[in-house]
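Trainee: Before I ask anything, let me first share the structure, which is written out below as structure tokens.
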Amino acid sequence: MTHIKDLFKLDNQIALVTGGGRGLGFFSAEGLAEAGADVAICGRDIHGKLEDAVEKLKKIGSNSISIKCDITKEDDVKQMANIMKDHYGKCDILVNNAGISDMAQSKTYSLERWNSIISTNITGTFLCCREIGKMMIRQKNGCIINFSSENGQVGFSSGMTAYATSKIGVIGLSRSLAVEWGKHNIRVNAILPGNMEEGMMEFLQDKNGPMYKMIGIPLLNLIPMKRFGKGDDIKGTIVFLASKAGSYISGAKIVVDGGFTINAGI
Ligand SMILES: NC(=O)c1ccc[n+]([C@@H]2O[C@H](COP(=O)([O-])OP(=O)(O)OC[C@H]3O[C@@H](n4cnc5c(N)ncnc54)[C@H](OP(=O)(O)O)[C@@H]3O)[C@@H](O)[C@H]2O)c1
């Protein structure tokens, strides 16, 4: 029998977090590092935050590296998998956090915008699963956590069709891989964050801002717990899923939304 504290430890584990330089990706990377893993992070680095994030992870004690990678580009993803193999020799945990969002009404939504969302959120996630998954199959172990969203459960009238389609696709991708790769001792799960006051919804922190009044207040009214999600809510869930504590969970949708998506609203 394992002591409960040891079930959550990630010593000697190697992790890769896509989009780990900021937002929910950084919280995920920080949680994994604090639990004992060595964590690599990747991104296009368009905000120049990747190196700062690596320095923060190193201070926790993680042997961290940053990898420049656009997950929509097959060659970039193949190169990233090679870097993981050369630097660490393995990858035990893959967190597919990188993603983009968009909001516009469907009747005028351009094919270009549609393709951009799908190629990042679904195709990019698939490419990372495939390339890192090959290593995991050889290792005969692995844990993949894919970022879906509350939008993979519910619709919004504000115009989130492409994003919602992509995020429900991530659930299908996760379930399918969980079934295909279970025999290789690889677990695949989807995390569905709700309205987090971090990352792409950081504007929720500004209670006097126009976006808070327009979107924040109506959303808050629909969250039974009456608060937005925070970085710690993501960190805890990621470490739970990645650790031995989650070792029999595969193909699951883990909803982290304070009850938002099960609220009938009356
Ligand atoms: N925040 C929320 O409330 C919320 C709710 C539900 C789900 N989510 C999901 O959680 C994940 C993280 O969101 P966030 O709020 O932290 O967003 P964010 O702050 O905008 O961060 C997105 C991350 O993805 C990376 N990225 C985007 N396109 C990429 C590409 N083509 N190749 C490599 N990296 C790419 C970005 O790095 P670069 O720009 O440097 O490439 C960045 O690190 C997303 O999948 C999002 O859909 C967020």
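We label chains A, B, ... in the order they appear in the structure tokens, count residues from 1 in each chain, and number ligands from 1 in the order shown.
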Do a neighbour search on stretch 79-84 of chain A at 12 Å with only C-alpha atoms, toss out local chain neighbours closer than 4 positions, and write the hits as an MDAnalysis selection string.
Mentor: chainID A and resid 14:18 38:44 64:71 73:75 88:94 127:136
Trainee: Find the residues around A:Arg227 up to 10 Å (only C-alpha atoms counted), leave out those fewer than 6 positions away in its own chain, and share them as a PyMOL selection string.
Mentor: chain A and resi 195-197+219-221+257-258
Trainee: Could you give me, as a PyMOL selection string, every polymer residue with an atom at most 8 Å away from an atom of ligand 1, counting only C-alpha atoms and all ligand atoms?
Mentor: chain A and resi 18-26+42-50+68-73+96-101+120-121+124+147-151+163+167+192-202+229
Trainee: Kindly indicate which residue among A:Ala242, A:Gly142, A:Thr237, A:Thr261 lies nearest to A:Met225, using only C-alpha atoms for the distances.
Mentor: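 The closest residue to A:Met225 is A:Thr261.
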Trainee: Based on DSSP run over this structure's backbone, return all residues of stretch 95-185 of chain A in strand (DSSP E or B), as a PyMOL selection string.
Mentor: chain A and resi 95-96+142-147
